[in-house]
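Chemist: Input my_file-v7.cif, format and content: mmCIF, C-alpha atoms.
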```
data_start
#
loop_
_atom_site.label_atom_id
_atom_site.label_comp_id
_atom_site.auth_asym_id
_atom_site.auth_seq_id
_atom_site.Cartn_x
_atom_site.Cartn_y
_atom_site.Cartn_z
CA MET O 1 -171.18 -60.81 -16.22
CA ASN O 2 -173.82 -63.27 -17.44
CA CYS O 3 -173.59 -67.08 -17.48
CA GLN O 4 -172.56 -67.26 -21.13
CA GLU O 5 -169.63 -64.87 -20.65
CA CYS O 6 -168.65 -66.76 -17.50
CA GLU O 7 -168.67 -70.14 -19.28
CA VAL O 8 -166.31 -68.78 -21.93
CA ASN O 9 -163.76 -67.96 -19.22
CA LEU O 10 -164.18 -71.00 -16.94
CA SER O 11 -161.35 -73.14 -18.36
CA GLU O 12 -158.86 -70.30 -17.94
CA TYR O 13 -160.28 -69.60 -14.47
CA VAL O 14 -159.75 -73.20 -13.35
CA GLU O 15 -156.23 -73.22 -14.83
CA ASN O 16 -155.56 -69.84 -13.14
CA THR O 17 -154.51 -68.05 -16.36
CA LEU O 18 -157.15 -65.29 -16.44
CA ASP O 19 -156.41 -61.57 -16.29
CA LEU O 20 -157.00 -60.16 -12.81
CA ASP O 21 -159.96 -57.96 -13.84
CA ILE O 22 -161.78 -60.78 -15.64
CA LYS O 23 -161.00 -63.16 -12.77
CA ARG O 24 -162.68 -60.74 -10.32
CA GLU O 25 -165.79 -60.63 -12.53
CA VAL O 26 -165.88 -64.45 -12.76
CA VAL O 27 -165.50 -64.81 -8.98
CA ALA O 28 -168.28 -62.28 -8.40
CA HIS O 29 -170.52 -64.16 -10.83
CA LEU O 30 -169.72 -67.53 -9.21
CA HIS O 31 -170.77 -66.21 -5.78
CA HIS O 32 -174.24 -65.40 -7.16
CA CYS O 33 -174.78 -68.23 -9.66
CA ASP O 34 -175.19 -71.79 -8.43
CA SER O 35 -175.19 -73.42 -11.89
CA CYS O 36 -171.87 -71.82 -12.89
CA SER O 37 -170.37 -72.74 -9.50
CA GLU O 38 -171.41 -76.34 -10.04
CA LEU O 39 -169.91 -76.21 -13.54
CA VAL O 40 -166.58 -74.99 -12.10
CA THR O 41 -166.60 -77.86 -9.62
CA VAL O 42 -167.24 -80.43 -12.37
CA LEU O 43 -164.61 -78.85 -14.63
CA SER O 44 -162.03 -78.88 -11.81
CA ARG O 45 -162.70 -82.55 -11.10
CA LEU O 46 -162.42 -83.36 -14.78
CA ILE O 47 -159.05 -81.63 -15.08
CA GLN O 48 -157.75 -83.36 -11.91
CA THR O 49 -158.92 -86.75 -13.18
CA SER O 50 -157.35 -86.23 -16.59
CA GLN O 51 -154.03 -85.29 -14.95
CA SER O 52 -154.00 -88.56 -13.03
CA LEU O 53 -154.34 -90.64 -16.22
CA PRO O 54 -151.21 -92.47 -17.31
CA SER O 55 -149.22 -91.18 -20.23
CA TYR O 56 -147.75 -93.56 -22.77
CA GLU O 57 -144.78 -93.26 -25.06
CA PRO O 58 -145.72 -93.77 -28.70
CA PRO O 59 -144.01 -96.62 -30.55
CA THR O 60 -140.86 -95.62 -32.43
CA TRP O 61 -142.34 -96.59 -35.79
CA LEU O 62 -145.44 -94.35 -35.42
CA ALA O 63 -143.88 -91.08 -36.59
CA SER O 64 -142.35 -92.61 -39.74
CA ARG O 65 -145.60 -94.41 -40.53
CA ILE O 66 -147.58 -91.18 -40.24
CA VAL O 67 -145.11 -89.40 -42.54
CA VAL O 68 -145.22 -92.22 -45.12
CA ASN O 69 -149.03 -92.36 -45.13
CA THR O 70 -149.56 -88.62 -45.29
CA PRO O 71 -150.54 -87.70 -48.84
CA VAL O 72 -148.29 -85.19 -50.53
CA PRO O 73 -150.24 -82.60 -52.51
CA ARG O 74 -149.24 -82.61 -56.16
CA ARG O 75 -147.94 -79.28 -57.40
CA GLU O 76 -149.23 -78.38 -60.80
CA SER O 77 -146.80 -77.33 -63.47
CA ILE O 78 -146.75 -73.95 -65.16
CA ARG O 79 -148.11 -75.61 -68.29
CA GLU O 80 -151.12 -76.93 -66.34
CA THR O 81 -151.68 -73.51 -64.77
CA TRP O 82 -151.64 -71.80 -68.16
CA ALA O 83 -153.95 -74.49 -69.55
CA LYS O 84 -156.45 -73.72 -66.77
CA VAL O 85 -156.21 -70.01 -67.47
CA TRP O 86 -156.64 -70.59 -71.20
CA ARG O 87 -159.70 -72.82 -70.63
CA SER O 88 -161.23 -70.23 -68.32
CA LEU O 89 -161.06 -67.64 -71.11
CA GLY O 90 -163.62 -69.67 -73.03
CA GLU O 91 -166.10 -69.72 -70.19
CA PRO O 92 -169.07 -67.42 -70.77
CA ARG O 93 -168.54 -65.26 -67.68
CA THR O 94 -164.87 -64.68 -68.40
CA ALA O 95 -165.49 -64.00 -72.08
CA LEU O 96 -168.23 -61.52 -71.22
CA ALA O 97 -165.99 -59.81 -68.67
CA ILE O 98 -163.18 -59.44 -71.20
CA PHE O 99 -165.59 -58.18 -73.83
CA THR O 100 -167.13 -55.68 -71.40
CA ALA O 101 -163.70 -54.45 -70.30
CA ALA O 102 -162.67 -54.02 -73.95
CA VAL O 103 -165.83 -52.06 -74.75
CA VAL O 104 -165.44 -49.80 -71.71
CA LEU O 105 -161.75 -49.19 -72.39
CA GLY O 106 -162.51 -48.57 -76.05
CA TRP O 107 -165.24 -46.14 -75.15
CA ILE O 108 -162.86 -44.29 -72.88
CA GLY O 109 -160.10 -44.44 -75.52
CA GLY O 110 -161.89 -42.31 -78.08
CA GLY O 111 -163.32 -42.51 -81.61
CA PRO O 112 -160.92 -44.67 -83.68
CA VAL O 113 -160.30 -47.12 -80.86
CA ARG O 114 -164.03 -47.32 -80.19
CA GLU O 115 -164.81 -48.08 -83.83
CA ALA O 116 -162.08 -50.73 -84.04
CA ILE O 117 -163.33 -52.46 -80.92
CA PHE O 118 -166.93 -52.41 -82.07
CA ASP O 119 -165.96 -53.72 -85.52
CA ARG O 120 -163.99 -56.59 -84.01
CA ALA O 121 -166.67 -57.26 -81.42
CA GLU O 122 -169.32 -57.33 -84.12
CA GLY O 123 -167.25 -59.82 -86.09
CA ALA O 124 -166.67 -62.00 -83.03
CA ILE O 125 -170.33 -61.88 -82.06
CA SER O 126 -171.37 -62.74 -85.60
CA CYS O 127 -169.02 -65.73 -85.62
CA ALA O 128 -170.23 -66.92 -82.23
CA TYR O 129 -173.85 -66.50 -83.29
CA ASP O 130 -173.21 -68.36 -86.54
CA ARG O 131 -171.53 -71.24 -84.67
CA ALA O 132 -174.39 -71.40 -82.17
CA ILE O 133 -177.03 -71.49 -84.92
CA ARG O 134 -175.14 -74.16 -86.86
CA SER O 135 -174.64 -76.34 -83.79
CA TYR O 136 -178.32 -75.88 -82.94
CA TYR O 137 -179.54 -77.03 -86.34
CA ARG O 138 -177.00 -79.86 -86.45
CA SER O 139 -177.92 -81.24 -83.03
CA PRO O 140 -179.50 -84.71 -83.14
CA VAL O 141 -182.67 -83.63 -81.37
CA ILE O 142 -183.37 -80.77 -83.80
CA MET O 143 -182.54 -82.94 -86.83
CA GLU O 144 -185.00 -85.57 -85.58
CA ILE O 145 -187.69 -82.92 -85.04
CA HIS O 146 -187.13 -81.54 -88.55
CA SER O 147 -187.31 -85.01 -90.10
CA LYS O 148 -190.60 -85.71 -88.27
CA ILE O 149 -192.01 -82.35 -89.39
CA GLU O 150 -190.98 -82.97 -92.99
CA SER O 151 -192.47 -86.48 -92.98
CA GLY O 152 -195.66 -85.04 -91.45
CA ILE O 153 -195.84 -82.38 -94.18
CA GLU O 154 -195.31 -84.98 -96.91
CA GLN O 155 -198.01 -87.18 -95.40
CA PHE O 156 -200.34 -84.16 -95.26
CA ARG O 157 -199.67 -83.41 -98.96
CA GLU O 158 -200.41 -87.01 -99.90
CA ASN O 159 -203.69 -86.97 -97.97
CA SER O 160 -204.87 -83.70 -99.54
#
```
Please express the file's structure as structure tokens.

Modeler:
Amino acid sequence: MNCQECEVNLSEYVENTLDLDIKREVVAHLHHCDSCSELVTVLSRLIQTSQSLPSYEPPTWLASRIVVNTPVPRRESIRETWAKVWRSLGEPRTALAIFTAAVVLGWIGGGPVREAIFDRAEGAISCAYDRAIRSYYRSPVIMEIHSKIESGIEQFRENS
């Protein structure tokens, strides 16, 4: 047994709750190791000193005060749970996972199912792409860039 293994078992050794085989190993280690023997002595003194400390009865109001001041976790309703699930469907990872699962299942399902899934997926992708392009061109930063480019082009035409 090395010092690290011995230190793990020292509290149980001092309290005399170790298995007999492990206790024999600890005793054998303590006979050869001065630092672990000193640690056992200090630990024994510490336990004896702590046992001689007075014990106090808590005030009667303490338990009720702890209960009153303990926060109660709020349980969410079924509506809130479904709202979370519904919002998560719009997240890119979840949407991609659903789309991938539909494509794989459609591919496994055969010809007509495969075509229906790809037609619907193509329509959904086209709509998403259209919305992304529209929101891109309608964003304030892009509109400002376009207005500066157009004013620069007009100024160039006037100068030429």

Chemist: Using only C-alpha atoms, which of O:Thr17, O:Val67, O:Glu57, O:Asn9 sits nearest Leu39 of chain O?

Modeler: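 With only C-alpha atoms as the atom set, the closest residue is O:Asn9.
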
Chemist: What does the structure give for the distance between atom CA of Val141 of chain O and atom CA of Tyr129 of chain O, in Å to one decimal?

Modeler: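 We find that atom CA of Val141 of chain O and atom CA of Tyr129 of chain O lie 19.4 Å from each other.
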
Chemist: One decimal, Å: what's the distance from atom CA of Arg79 of chain O over to atom CA of Ala101 of chain O, could you say?

Modeler: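 According to the coordinates, atom CA of Arg79 of chain O and atom CA of Ala101 of chain O are separated by 26.4 Å.
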
Chemist: As an exercise, work out the distance from atom CA of Ile98 of chain O to atom CA of Glu76 of chain O in Å and give it to one decimal place.

Modeler: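 Value for the atom CA of Ile98 of chain O-atom CA of Glu76 of chain O distance: 25.7 Å.
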
Chemist: Determine the nearest neighbour of Leu30 of chain O from the options O:Val8, O:Ile145, O:Met1, O:Val72, counting all atoms listed in the file.

Modeler: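 The closest residue to Leu30 of chain O is O:Met1.
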
Chemist: So which residues get picked by the PyMOL selection byres ((chain O and resi 11) around 12) here, written as an MDAnalysis selection string?

Modeler: chainID O and resid 5:10 12:18 23 26 36 39:47
